[in-house]
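Visitor: Pasting structure.cif here (mmCIF, C-alpha atoms):
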```cif
data_model
loop_
_atom_site.label_atom_id
_atom_site.label_comp_id
_atom_site.auth_asym_id
_atom_site.auth_seq_id
_atom_site.Cartn_x
_atom_site.Cartn_y
_atom_site.Cartn_z
CA MET A 1 0.00 0.00 0.00
CA TYR A 2 1.22 3.49 -0.87
CA LYS A 3 0.33 6.58 1.13
CA VAL A 4 -1.02 9.81 -0.33
CA VAL A 5 1.25 12.36 1.37
CA ARG A 6 0.06 15.54 -0.31
CA LYS A 7 -2.85 16.54 -2.55
CA ARG A 8 -3.40 19.75 -4.46
CA VAL A 9 -6.20 20.71 -6.87
CA LEU A 10 -4.63 22.50 -9.85
CA ASN A 11 -7.85 23.24 -11.72
CA PRO A 12 -11.41 21.86 -11.79
CA THR A 13 -10.34 18.63 -13.51
CA VAL A 14 -6.62 18.25 -12.73
CA ILE A 15 -5.16 17.07 -9.42
CA GLU A 16 -1.60 16.77 -8.15
CA MET A 17 -0.64 14.11 -5.59
CA GLU A 18 2.58 13.08 -3.92
CA ILE A 19 2.75 9.36 -3.20
CA GLU A 20 5.10 7.79 -0.68
CA SER A 21 7.25 5.36 -2.68
CA PRO A 22 10.96 5.62 -1.75
CA LEU A 23 12.25 3.04 -4.24
CA VAL A 24 10.51 4.67 -7.20
CA ALA A 25 11.56 8.14 -6.04
CA LYS A 26 15.19 7.01 -5.85
CA LYS A 27 15.42 6.01 -9.51
CA ALA A 28 12.71 7.84 -11.49
CA GLN A 29 13.81 10.32 -14.17
CA PRO A 30 11.82 12.87 -16.22
CA GLY A 31 9.90 11.18 -19.00
CA GLN A 32 9.38 7.91 -17.15
CA PHE A 33 6.05 6.74 -15.78
CA ILE A 34 4.44 4.55 -13.15
CA ILE A 35 1.44 2.22 -13.27
CA LEU A 36 -0.97 2.29 -10.34
CA ARG A 37 -4.09 0.61 -9.06
CA VAL A 38 -6.34 2.52 -6.70
CA ASP A 39 -7.67 -0.64 -5.02
CA GLU A 40 -7.35 -4.39 -5.33
CA ASN A 41 -10.18 -4.58 -7.87
CA GLY A 42 -9.02 -1.57 -9.86
CA GLU A 43 -7.61 -1.33 -13.36
CA ARG A 44 -3.98 -0.49 -14.04
CA ILE A 45 -3.36 2.99 -15.47
CA PRO A 46 -0.10 4.69 -16.46
CA LEU A 47 0.74 8.15 -15.12
CA THR A 48 3.91 10.05 -15.90
CA VAL A 49 6.25 10.97 -13.07
CA ALA A 50 5.78 14.71 -12.55
CA GLY A 51 8.59 15.05 -10.03
CA THR A 52 10.34 13.29 -7.17
CA ASN A 53 11.54 14.14 -3.68
CA LYS A 54 14.31 11.69 -2.93
CA THR A 55 14.70 13.00 0.64
CA ASP A 56 11.05 12.39 1.52
CA GLY A 57 10.80 9.35 -0.74
CA THR A 58 7.79 10.71 -2.61
CA VAL A 59 6.75 10.72 -6.26
CA LYS A 60 4.54 13.43 -7.72
CA ILE A 61 1.77 12.52 -10.16
CA ILE A 62 -0.62 14.88 -11.92
CA PHE A 63 -3.78 13.49 -13.46
CA GLN A 64 -6.91 14.68 -15.20
CA VAL A 65 -10.22 13.21 -14.08
CA VAL A 66 -11.46 11.62 -17.30
CA GLY A 67 -12.32 8.01 -16.44
CA SER A 68 -13.43 5.66 -13.71
CA THR A 69 -9.98 5.12 -12.19
CA THR A 70 -9.06 8.80 -12.06
CA GLU A 71 -12.49 9.50 -10.55
CA LYS A 72 -11.71 6.99 -7.78
CA LEU A 73 -8.23 8.44 -7.34
CA LYS A 74 -9.70 11.94 -7.02
CA HIS A 75 -11.52 10.87 -3.87
CA LYS A 76 -8.34 9.79 -2.11
CA GLU A 77 -7.25 12.31 0.50
CA GLU A 78 -3.99 12.95 2.34
CA GLY A 79 -3.31 9.99 4.61
CA ASP A 80 -5.26 7.55 2.43
CA TYR A 81 -3.57 4.69 0.59
CA ILE A 82 -3.62 3.28 -2.93
CA GLN A 83 -3.09 -0.38 -3.72
CA ASP A 84 -0.21 -0.49 -6.24
CA PHE A 85 2.41 1.98 -7.48
CA VAL A 86 4.92 0.36 -9.84
CA GLY A 87 7.88 1.98 -11.55
CA PRO A 88 9.81 3.69 -12.84
CA LEU A 89 8.85 2.37 -16.28
CA GLY A 90 9.80 3.46 -19.77
CA VAL A 91 12.88 5.25 -21.03
CA ALA A 92 13.83 8.62 -19.54
CA THR A 93 13.76 11.65 -21.85
CA HIS A 94 17.08 12.20 -23.60
CA THR A 95 18.64 15.44 -22.37
CA ASP A 96 22.40 14.89 -22.72
CA GLY A 97 24.15 17.41 -24.93
CA LEU A 98 21.08 19.59 -25.51
CA LYS A 99 21.94 23.29 -25.23
CA LYS A 100 18.86 24.99 -26.68
CA VAL A 101 15.45 23.35 -26.44
CA CYS A 102 11.85 24.31 -27.13
CA ILE A 103 9.29 22.52 -25.00
CA VAL A 104 5.71 22.56 -26.28
CA GLY A 105 3.07 21.36 -23.83
CA GLY A 106 -0.69 21.15 -24.10
CA GLY A 107 -3.21 20.81 -21.29
CA VAL A 108 -2.37 18.14 -18.73
CA GLY A 109 0.59 17.19 -20.91
CA CYS A 110 2.31 20.16 -19.30
CA ALA A 111 2.61 18.00 -16.17
CA ILE A 112 4.95 15.74 -18.15
CA ALA A 113 6.78 18.62 -19.81
CA MET A 114 7.51 20.55 -16.61
CA PRO A 115 10.04 18.14 -15.02
CA ILE A 116 11.82 17.89 -18.37
CA ALA A 117 12.09 21.67 -18.47
CA GLU A 118 13.40 21.59 -14.90
CA LYS A 119 16.09 19.04 -15.70
CA LEU A 120 17.22 20.88 -18.82
CA HIS A 121 17.33 24.16 -16.90
CA ASN A 122 19.43 22.55 -14.17
CA LEU A 123 21.81 21.20 -16.82
CA GLY A 124 22.34 24.73 -18.10
CA ALA A 125 20.34 24.48 -21.32
CA GLU A 126 18.44 27.46 -22.74
CA VAL A 127 14.78 26.51 -22.42
CA THR A 128 11.90 28.08 -24.34
CA SER A 129 8.51 26.80 -23.17
CA ILE A 130 5.22 27.14 -25.03
CA ILE A 131 2.22 25.88 -23.05
CA GLY A 132 -1.37 25.90 -24.24
CA PHE A 133 -4.80 25.49 -22.67
CA ARG A 134 -8.41 25.87 -23.76
CA ASN A 135 -8.93 28.79 -21.36
CA LYS A 136 -7.48 30.55 -18.31
CA ASP A 137 -9.36 28.35 -15.83
CA LEU A 138 -7.50 25.27 -17.06
CA LEU A 139 -4.02 26.78 -16.73
CA ILE A 140 -1.62 24.75 -14.57
CA LEU A 141 2.01 25.01 -13.44
CA GLU A 142 2.61 28.57 -14.64
CA ASP A 143 4.97 29.40 -11.76
CA GLU A 144 6.97 26.22 -12.28
CA PHE A 145 7.44 26.89 -16.00
CA LYS A 146 8.49 30.47 -15.25
CA ALA A 147 11.16 29.17 -12.89
CA TYR A 148 12.62 26.70 -15.39
CA SER A 149 12.25 28.60 -18.68
CA ASP A 150 14.38 31.34 -20.19
CA LYS A 151 11.30 32.26 -22.21
CA LEU A 152 7.70 31.28 -21.48
CA ILE A 153 4.79 31.72 -23.88
CA ILE A 154 1.27 30.90 -22.67
CA MET A 155 -1.47 30.32 -25.24
CA THR A 156 -5.23 29.94 -24.72
CA ASP A 157 -7.71 28.88 -27.38
CA ASP A 158 -10.17 31.60 -26.37
CA GLY A 159 -7.62 34.33 -25.61
CA SER A 160 -8.65 34.56 -21.95
CA TYR A 161 -4.99 34.50 -20.83
CA GLY A 162 -1.63 34.94 -22.51
CA ARG A 163 -1.81 34.94 -26.28
CA HIS A 164 -4.84 33.93 -28.31
CA GLY A 165 -4.34 30.80 -30.39
CA ASN A 166 -2.74 27.38 -30.28
CA VAL A 167 0.83 26.39 -29.50
CA THR A 168 1.90 26.04 -33.14
CA VAL A 169 1.50 29.81 -33.74
CA PRO A 170 4.53 31.05 -31.72
CA LEU A 171 6.53 27.96 -32.67
CA LYS A 172 6.07 28.71 -36.36
CA GLU A 173 6.91 32.40 -35.79
CA MET A 174 10.18 31.52 -34.09
CA LEU A 175 11.21 28.95 -36.69
CA GLU A 176 10.37 31.29 -39.56
CA ALA A 177 12.42 34.02 -37.85
CA GLY A 178 15.45 31.72 -37.98
CA GLU A 179 15.40 30.39 -34.41
CA LYS A 180 17.40 27.18 -34.14
CA PHE A 181 16.76 24.51 -31.52
CA ASP A 182 18.75 21.38 -30.81
CA MET A 183 15.44 19.70 -30.06
CA ILE A 184 11.73 20.39 -29.85
CA ILE A 185 10.02 18.28 -27.17
CA THR A 186 6.23 18.21 -27.41
CA ILE A 187 3.79 16.60 -25.00
CA GLY A 188 0.01 16.81 -25.02
CA PRO A 189 -3.02 15.54 -26.95
CA VAL A 190 -2.06 13.40 -29.93
CA ILE A 191 -3.70 15.77 -32.40
CA MET A 192 -1.72 18.67 -30.93
CA MET A 193 1.57 16.78 -31.19
CA LYS A 194 0.77 15.87 -34.80
CA PHE A 195 0.42 19.54 -35.76
CA VAL A 196 3.51 20.57 -33.79
CA VAL A 197 5.46 17.97 -35.79
CA GLU A 198 4.01 19.28 -39.07
CA THR A 199 4.94 22.83 -38.06
CA ALA A 200 8.54 21.78 -37.44
CA ARG A 201 8.87 19.50 -40.48
CA PRO A 202 9.75 22.16 -43.11
CA PHE A 203 12.60 23.35 -40.87
CA GLU A 204 13.89 19.80 -40.19
CA THR A 205 14.28 20.59 -36.50
CA PRO A 206 14.71 17.39 -34.44
CA ILE A 207 11.51 16.71 -32.53
CA THR A 208 10.57 14.30 -29.76
CA VAL A 209 6.98 13.38 -28.89
CA SER A 210 5.77 11.65 -25.74
CA MET A 211 3.14 9.00 -26.53
CA ASN A 212 0.67 7.73 -23.96
CA PRO A 213 -1.56 5.07 -25.57
CA VAL A 214 -3.59 2.47 -23.67
CA MET A 215 -1.30 0.36 -21.47
CA ILE A 216 -2.00 -2.71 -19.36
CA ASP A 217 1.11 -4.44 -18.04
CA GLY A 218 3.77 -1.85 -18.86
CA THR A 219 6.34 -4.48 -19.82
CA GLY A 220 5.64 -4.97 -23.55
CA MET A 221 3.85 -8.28 -23.06
CA CYS A 222 0.26 -7.27 -23.84
CA GLY A 223 0.90 -5.17 -26.94
CA GLY A 224 -1.86 -2.73 -26.06
CA CYS A 225 0.42 0.30 -26.39
CA ARG A 226 1.80 -0.57 -29.82
CA LEU A 227 2.56 2.21 -32.25
CA THR A 228 3.51 2.18 -35.92
CA LEU A 229 6.61 4.09 -36.96
CA THR A 230 8.28 4.54 -40.33
CA GLN A 231 12.02 3.98 -40.07
CA ASP A 232 14.34 3.75 -43.10
CA GLY A 233 11.32 3.50 -45.37
CA LYS A 234 9.84 0.54 -43.48
CA ARG A 235 6.83 0.45 -41.16
CA VAL A 236 7.79 -1.02 -37.80
CA THR A 237 5.94 -1.69 -34.55
CA LYS A 238 7.15 -0.23 -31.28
CA PHE A 239 5.73 -0.36 -27.77
CA ALA A 240 5.33 2.87 -25.83
CA CYS A 241 5.87 1.19 -22.47
CA VAL A 242 9.35 -0.21 -23.18
CA ASP A 243 10.57 1.58 -26.33
CA GLY A 244 9.15 4.95 -25.26
CA PRO A 245 7.22 6.88 -24.26
CA ASP A 246 9.48 9.27 -26.25
CA PHE A 247 9.79 8.83 -30.01
CA ASN A 248 11.03 10.71 -33.05
CA GLY A 249 7.96 12.72 -34.02
CA TYR A 250 8.66 12.46 -37.74
CA GLU A 251 8.36 8.67 -37.59
CA ILE A 252 5.00 8.31 -35.79
CA ASP A 253 1.78 7.31 -37.57
CA PHE A 254 -0.40 9.78 -35.66
CA ASP A 255 -3.63 8.93 -37.50
CA GLU A 256 -3.37 5.27 -36.50
CA ALA A 257 -2.52 6.25 -32.92
CA MET A 258 -5.60 8.48 -32.72
CA SER A 259 -7.81 5.78 -34.21
CA ARG A 260 -6.59 3.21 -31.67
CA GLY A 261 -7.06 5.73 -28.87
CA ARG A 262 -10.76 6.03 -29.70
CA MET A 263 -11.42 2.28 -29.67
CA TYR A 264 -12.47 2.09 -26.03
CA SER A 265 -14.05 5.54 -25.63
CA GLU A 266 -17.60 4.23 -25.30
CA HIS A 267 -16.60 1.61 -22.73
CA GLU A 268 -14.63 4.21 -20.80
CA ARG A 269 -17.59 6.59 -20.79
CA HIS A 270 -19.90 3.97 -19.29
CA ALA A 271 -17.31 2.97 -16.68
CA TYR A 272 -16.82 6.62 -15.71
CA GLU A 273 -20.57 7.22 -15.36
CA ASN A 274 -20.96 4.12 -13.17
CA THR A 275 -18.09 5.22 -10.94
CA CYS A 276 -19.50 8.73 -10.60
CA ASN A 277 -22.81 7.24 -9.48
CA LEU A 278 -21.01 5.35 -6.70
CA PHE A 279 -19.67 8.61 -5.25
CA LYS A 280 -22.91 10.58 -5.45
CA GLY A 281 -23.85 11.79 -2.03
CA VAL A 282 -20.46 10.82 -0.57
#
```
The structure in this file should be written as structure tokens.
Guide:
Amino acid sequence: MYKVVRKRVLNPTVIEMEIESPLVAKKAQPGQFIILRVDENGERIPLTVAGTNKTDGTVKIIFQVVGSTTEKLKHKEEGDYIQDFVGPLGVATHTDGLKKVCIVGGGVGCAIAMPIAEKLHNLGAEVTSIIGFRNKDLLILEDEFKAYSDKLIIMTDDGSYGRHGNVTVPLKEMLEAGEKFDMIITIGPVIMMKFVVETARPFETPITVSMNPVMIDGTGMCGGCRLTLTQDGKRVTKFACVDGPDFNGYEIDFDEAMSRGRMYSEHERHAYENTCNLFKGV
């Protein structure tokens, strides 16, 4: 059992928790993830490590309440326990040798991008961060990005905060103005990452995307998180849990990834509604 040490509501649908797990905290690096179960009958879900405190032995996770398991997790309070917390899993984000990086985050994907920005900042890299949200009320981690970015651009779809528009607008402006980056790292909804990649493609700037498809065991055995990449002219299958979650953005078949991501949407909706009904009146 793993104790919820701290809990913080970041916006109406996004929650930050610190979980007591000394062994995971000791080894986890930005870009890696854990798999948890809320209770012994719960499903396994992957959540990216949003930070660690090796002294306290805690791991920070940030999640959006979108399904039955995250709804259950939302109701855990400080001092409560969750059943399983396994990790770190996946390959840490490559940061060695990067001197100038643009990080592009969207929505709750910013929770994954923030610790990467922190690590790059601590390594002495010049970090430009572009983070986007639907509106001001959904903004998260602004102070953290300010602390770890040499330049921070905030975008909102409705113009209620920062600049009006999506994250590709300032990225395209900078690239067209001749800005050179060693790497663009983009994390967020798959459709957003697809368009960030297409924005960068004419400039041939190296770009890394963080993929988070459906996962079950996290060890490559089930194949649920498979992705199709094109490498050296050939289509190959990779698994996000063991080969990723980071991949070369130019190689990903985003349309297939989005199609697979929608396969269980109806089942997930029913499961979420049933779970919400359990907590009514609680």
Visitor: Per residue of segment 106-158 of chain A within 12 Å of segment 164-177 of chain A, which atom pair is closest and at what distance in Å (one decimal), using all atoms listed in the file, listed by chain and increasing number, as JSON lines?
Guide:
```
{"residue": "A:Gly106", "atom": "CA", "partner": "A:Val167", "partner_atom": "CA", "distance": 7.7}
{"residue": "A:Gly107", "atom": "CA", "partner": "A:Val167", "partner_atom": "CA", "distance": 10.7}
{"residue": "A:Thr128", "atom": "CA", "partner": "A:Leu171", "partner_atom": "CA", "distance": 9.9}
{"residue": "A:Ser129", "atom": "CA", "partner": "A:Leu171", "partner_atom": "CA", "distance": 9.8}
{"residue": "A:Ile130", "atom": "CA", "partner": "A:Val167", "partner_atom": "CA", "distance": 6.3}
{"residue": "A:Ile131", "atom": "CA", "partner": "A:Val167", "partner_atom": "CA", "distance": 6.6}
{"residue": "A:Gly132", "atom": "CA", "partner": "A:Val167", "partner_atom": "CA", "distance": 5.7}
{"residue": "A:Phe133", "atom": "CA", "partner": "A:Asn166", "partner_atom": "CA", "distance": 8.1}
{"residue": "A:Arg134", "atom": "CA", "partner": "A:Asn166", "partner_atom": "CA", "distance": 8.8}
{"residue": "A:Asn135", "atom": "CA", "partner": "A:His164", "partner_atom": "CA", "distance": 9.6}
{"residue": "A:Lys136", "atom": "CA", "partner": "A:His164", "partner_atom": "CA", "distance": 10.9}
{"residue": "A:Lys151", "atom": "CA", "partner": "A:Pro170", "partner_atom": "CA", "distance": 11.7}
{"residue": "A:Leu152", "atom": "CA", "partner": "A:Pro170", "partner_atom": "CA", "distance": 10.7}
{"residue": "A:Ile153", "atom": "CA", "partner": "A:Pro170", "partner_atom": "CA", "distance": 7.9}
{"residue": "A:Ile154", "atom": "CA", "partner": "A:Val167", "partner_atom": "CA", "distance": 8.2}
{"residue": "A:Met155", "atom": "CA", "partner": "A:His164", "partner_atom": "CA", "distance": 5.8}
{"residue": "A:Thr156", "atom": "CA", "partner": "A:His164", "partner_atom": "CA", "distance": 5.4}
{"residue": "A:Asp157", "atom": "CA", "partner": "A:Gly165", "partner_atom": "CA", "distance": 4.9}
{"residue": "A:Asp158", "atom": "CA", "partner": "A:His164", "partner_atom": "CA", "distance": 6.1}
```
Visitor: Which is closest to Phe203 of chain A among A:Ala257, A:Cys241, A:Ile19, A:Ile184, if we use only C-alpha atoms?
Guide: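 Result for the nearest residue to Phe203 of chain A: A:Ile184.
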Visitor: For atom CA of Arg6 of chain A and atom CA of Leu123 of chain A, quote the distance in Å rounded to one decimal.
Guide: 27.9 Å
Visitor: List the residues selected by the PyMOL selection byres ((chain A and resi 250) around 9) in the file shown, writing them as a PDB file with C-alpha atoms, in the frame of the given file.
Guide:
```pdb
ATOM      1  CA  VAL A 197       5.460  17.970 -35.790  1.00  0.00           C
ATOM      2  CA  GLU A 198       4.010  19.280 -39.070  1.00  0.00           C
ATOM      3  CA  ARG A 201       8.870  19.500 -40.480  1.00  0.00           C
ATOM      4  CA  PRO A 206      14.710  17.390 -34.440  1.00  0.00           C
ATOM      5  CA  ILE A 207      11.510  16.710 -32.530  1.00  0.00           C
ATOM      6  CA  THR A 208      10.570  14.300 -29.760  1.00  0.00           C
ATOM      7  CA  LEU A 229       6.610   4.090 -36.960  1.00  0.00           C
ATOM      8  CA  THR A 230       8.280   4.540 -40.330  1.00  0.00           C
ATOM      9  CA  PHE A 247       9.790   8.830 -30.010  1.00  0.00           C
ATOM     10  CA  ASN A 248      11.030  10.710 -33.050  1.00  0.00           C
ATOM     11  CA  GLY A 249       7.960  12.720 -34.020  1.00  0.00           C
ATOM     12  CA  GLU A 251       8.360   8.670 -37.590  1.00  0.00           C
ATOM     13  CA  ILE A 252       5.000   8.310 -35.790  1.00  0.00           C
ATOM     14  CA  ASP A 253       1.780   7.310 -37.570  1.00  0.00           C
TER      15      ASP A 253
END
```
Visitor: The PyMOL selection byres ((chain A and resi 82) around 10) - which residues does that actually catch in the file I just gave you? List them as a compact mmCIF listing (two decimals) with C-alpha atoms, keeping the file's coordinate frame.
Guide:
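Wrote it out as part19.txt, contents follow:
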```txt
# COMPACT_ATOMS: atom_id res chain seq x y z
CA MET A 1 0.00 0.00 0.00
CA TYR A 2 1.22 3.49 -0.87
CA LYS A 3 0.33 6.58 1.13
CA VAL A 4 -1.02 9.81 -0.33
CA ILE A 19 2.75 9.36 -3.20
CA LEU A 36 -0.97 2.29 -10.34
CA ARG A 37 -4.09 0.61 -9.06
CA VAL A 38 -6.34 2.52 -6.70
CA ASP A 39 -7.67 -0.64 -5.02
CA GLU A 40 -7.35 -4.39 -5.33
CA LEU A 73 -8.23 8.44 -7.34
CA LYS A 76 -8.34 9.79 -2.11
CA ASP A 80 -5.26 7.55 2.43
CA TYR A 81 -3.57 4.69 0.59
CA GLN A 83 -3.09 -0.38 -3.72
CA ASP A 84 -0.21 -0.49 -6.24
CA PHE A 85 2.41 1.98 -7.48
```
Visitor: Taking only C-alpha atoms into account, which of A:Leu120, A:Val104, A:Val214, A:Val49 comes nearest Glu18 of chain A?
Guide: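 Closest to Glu18 of chain A of all the choices is A:Val49.
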Visitor: Pick the closest to Leu10 of chain A from A:Leu47, A:Phe63, A:His75, A:Ile140: which is it, counting all atoms listed in the file?
Guide: A:Ile140
Visitor: As an exercise, work out the distance from atom CA of Gly159 of chain A to atom CA of Phe254 of chain A in Å and give it to one decimal place.
Guide: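 Going from atom CA of Gly159 of chain A over to atom CA of Phe254 of chain A covers 27.5 Å.
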Visitor: Hey, which of A:Gly57, A:Arg235, A:Asp243, A:Val190 ends up closest to Ser259 of chain A? Count all atoms listed in the file.
Guide: A:Val190
Visitor: With N, CA, C and O atoms as the goal, would you fill in the gaps in segment 97-114 of chain A and present it as an mmCIF file, in the frame of the given file?
Guide:
```cif
data_model
loop_
_atom_site.group_PDB
_atom_site.id
_atom_site.type_symbol
_atom_site.label_atom_id
_atom_site.label_comp_id
_atom_site.auth_asym_id
_atom_site.auth_seq_id
_atom_site.Cartn_x
_atom_site.Cartn_y
_atom_site.Cartn_z
ATOM 1 N N GLY A 97 23.616 16.675 -23.802
ATOM 2 C CA GLY A 97 24.150 17.410 -24.930
ATOM 3 C C GLY A 97 23.232 18.475 -25.507
ATOM 4 O O GLY A 97 23.625 19.211 -26.415
ATOM 5 N N LEU A 98 22.013 18.596 -24.984
ATOM 6 C CA LEU A 98 21.080 19.590 -25.510
ATOM 7 C C LEU A 98 21.384 20.952 -24.878
ATOM 8 O O LEU A 98 21.421 21.091 -23.662
ATOM 9 N N LYS A 99 21.584 21.942 -25.710
ATOM 10 C CA LYS A 99 21.940 23.290 -25.230
ATOM 11 C C LYS A 99 20.812 24.293 -25.414
ATOM 12 O O LYS A 99 20.723 25.267 -24.673
ATOM 13 N N LYS A 100 19.959 24.056 -26.415
ATOM 14 C CA LYS A 100 18.860 24.990 -26.680
ATOM 15 C C LYS A 100 17.637 24.178 -27.091
ATOM 16 O O LYS A 100 17.657 23.511 -28.136
ATOM 17 N N VAL A 101 16.601 24.238 -26.268
ATOM 18 C CA VAL A 101 15.450 23.350 -26.440
ATOM 19 C C VAL A 101 14.162 24.150 -26.378
ATOM 20 O O VAL A 101 14.035 25.095 -25.593
ATOM 21 N N CYS A 102 13.204 23.762 -27.203
ATOM 22 C CA CYS A 102 11.850 24.310 -27.130
ATOM 23 C C CYS A 102 10.918 23.212 -26.646
ATOM 24 O O CYS A 102 10.834 22.143 -27.265
ATOM 25 N N ILE A 103 10.246 23.475 -25.555
ATOM 26 C CA ILE A 103 9.290 22.520 -25.000
ATOM 27 C C ILE A 103 7.888 23.033 -25.297
ATOM 28 O O ILE A 103 7.551 24.180 -24.982
ATOM 29 N N VAL A 104 7.071 22.181 -25.910
ATOM 30 C CA VAL A 104 5.710 22.560 -26.280
ATOM 31 C C VAL A 104 4.741 21.617 -25.563
ATOM 32 O O VAL A 104 4.705 20.417 -25.845
ATOM 33 N N GLY A 105 3.987 22.165 -24.618
ATOM 34 C CA GLY A 105 3.070 21.360 -23.830
ATOM 35 C C GLY A 105 1.637 21.801 -24.023
ATOM 36 O O GLY A 105 1.353 22.988 -24.200
ATOM 37 N N GLY A 106 0.726 20.839 -23.965
ATOM 38 C CA GLY A 106 -0.690 21.150 -24.100
ATOM 39 C C GLY A 106 -1.502 20.517 -23.002
ATOM 40 O O GLY A 106 -1.386 19.316 -22.742
ATOM 41 N N GLY A 107 -2.317 21.328 -22.317
ATOM 42 C CA GLY A 107 -3.210 20.810 -21.290
ATOM 43 C C GLY A 107 -2.463 20.071 -20.199
ATOM 44 O O GLY A 107 -1.395 20.505 -19.736
ATOM 45 N N VAL A 108 -3.000 18.906 -19.803
ATOM 46 C CA VAL A 108 -2.370 18.140 -18.730
ATOM 47 C C VAL A 108 -1.026 17.567 -19.148
ATOM 48 O O VAL A 108 -0.228 17.141 -18.306
ATOM 49 N N GLY A 109 -0.727 17.588 -20.447
ATOM 50 C CA GLY A 109 0.590 17.190 -20.910
ATOM 51 C C GLY A 109 1.693 18.065 -20.357
ATOM 52 O O GLY A 109 2.865 17.671 -20.325
ATOM 53 N N CYS A 110 1.328 19.262 -19.914
ATOM 54 C CA CYS A 110 2.310 20.160 -19.300
ATOM 55 C C CYS A 110 2.878 19.562 -18.009
ATOM 56 O O CYS A 110 3.993 19.914 -17.603
ATOM 57 N N ALA A 111 2.118 18.671 -17.377
ATOM 58 C CA ALA A 111 2.610 18.000 -16.170
ATOM 59 C C ALA A 111 3.788 17.094 -16.490
ATOM 60 O O ALA A 111 4.664 16.864 -15.642
ATOM 61 N N ILE A 112 3.832 16.571 -17.710
ATOM 62 C CA ILE A 112 4.950 15.740 -18.150
ATOM 63 C C ILE A 112 6.101 16.623 -18.603
ATOM 64 O O ILE A 112 7.278 16.328 -18.371
ATOM 65 N N ALA A 113 5.759 17.728 -19.263
ATOM 66 C CA ALA A 113 6.780 18.620 -19.810
ATOM 67 C C ALA A 113 7.546 19.367 -18.736
ATOM 68 O O ALA A 113 8.742 19.638 -18.892
ATOM 69 N N MET A 114 6.889 19.713 -17.633
ATOM 70 C CA MET A 114 7.510 20.550 -16.610
ATOM 71 C C MET A 114 8.781 19.951 -16.015
ATOM 72 O O MET A 114 9.815 20.624 -15.939
#
```
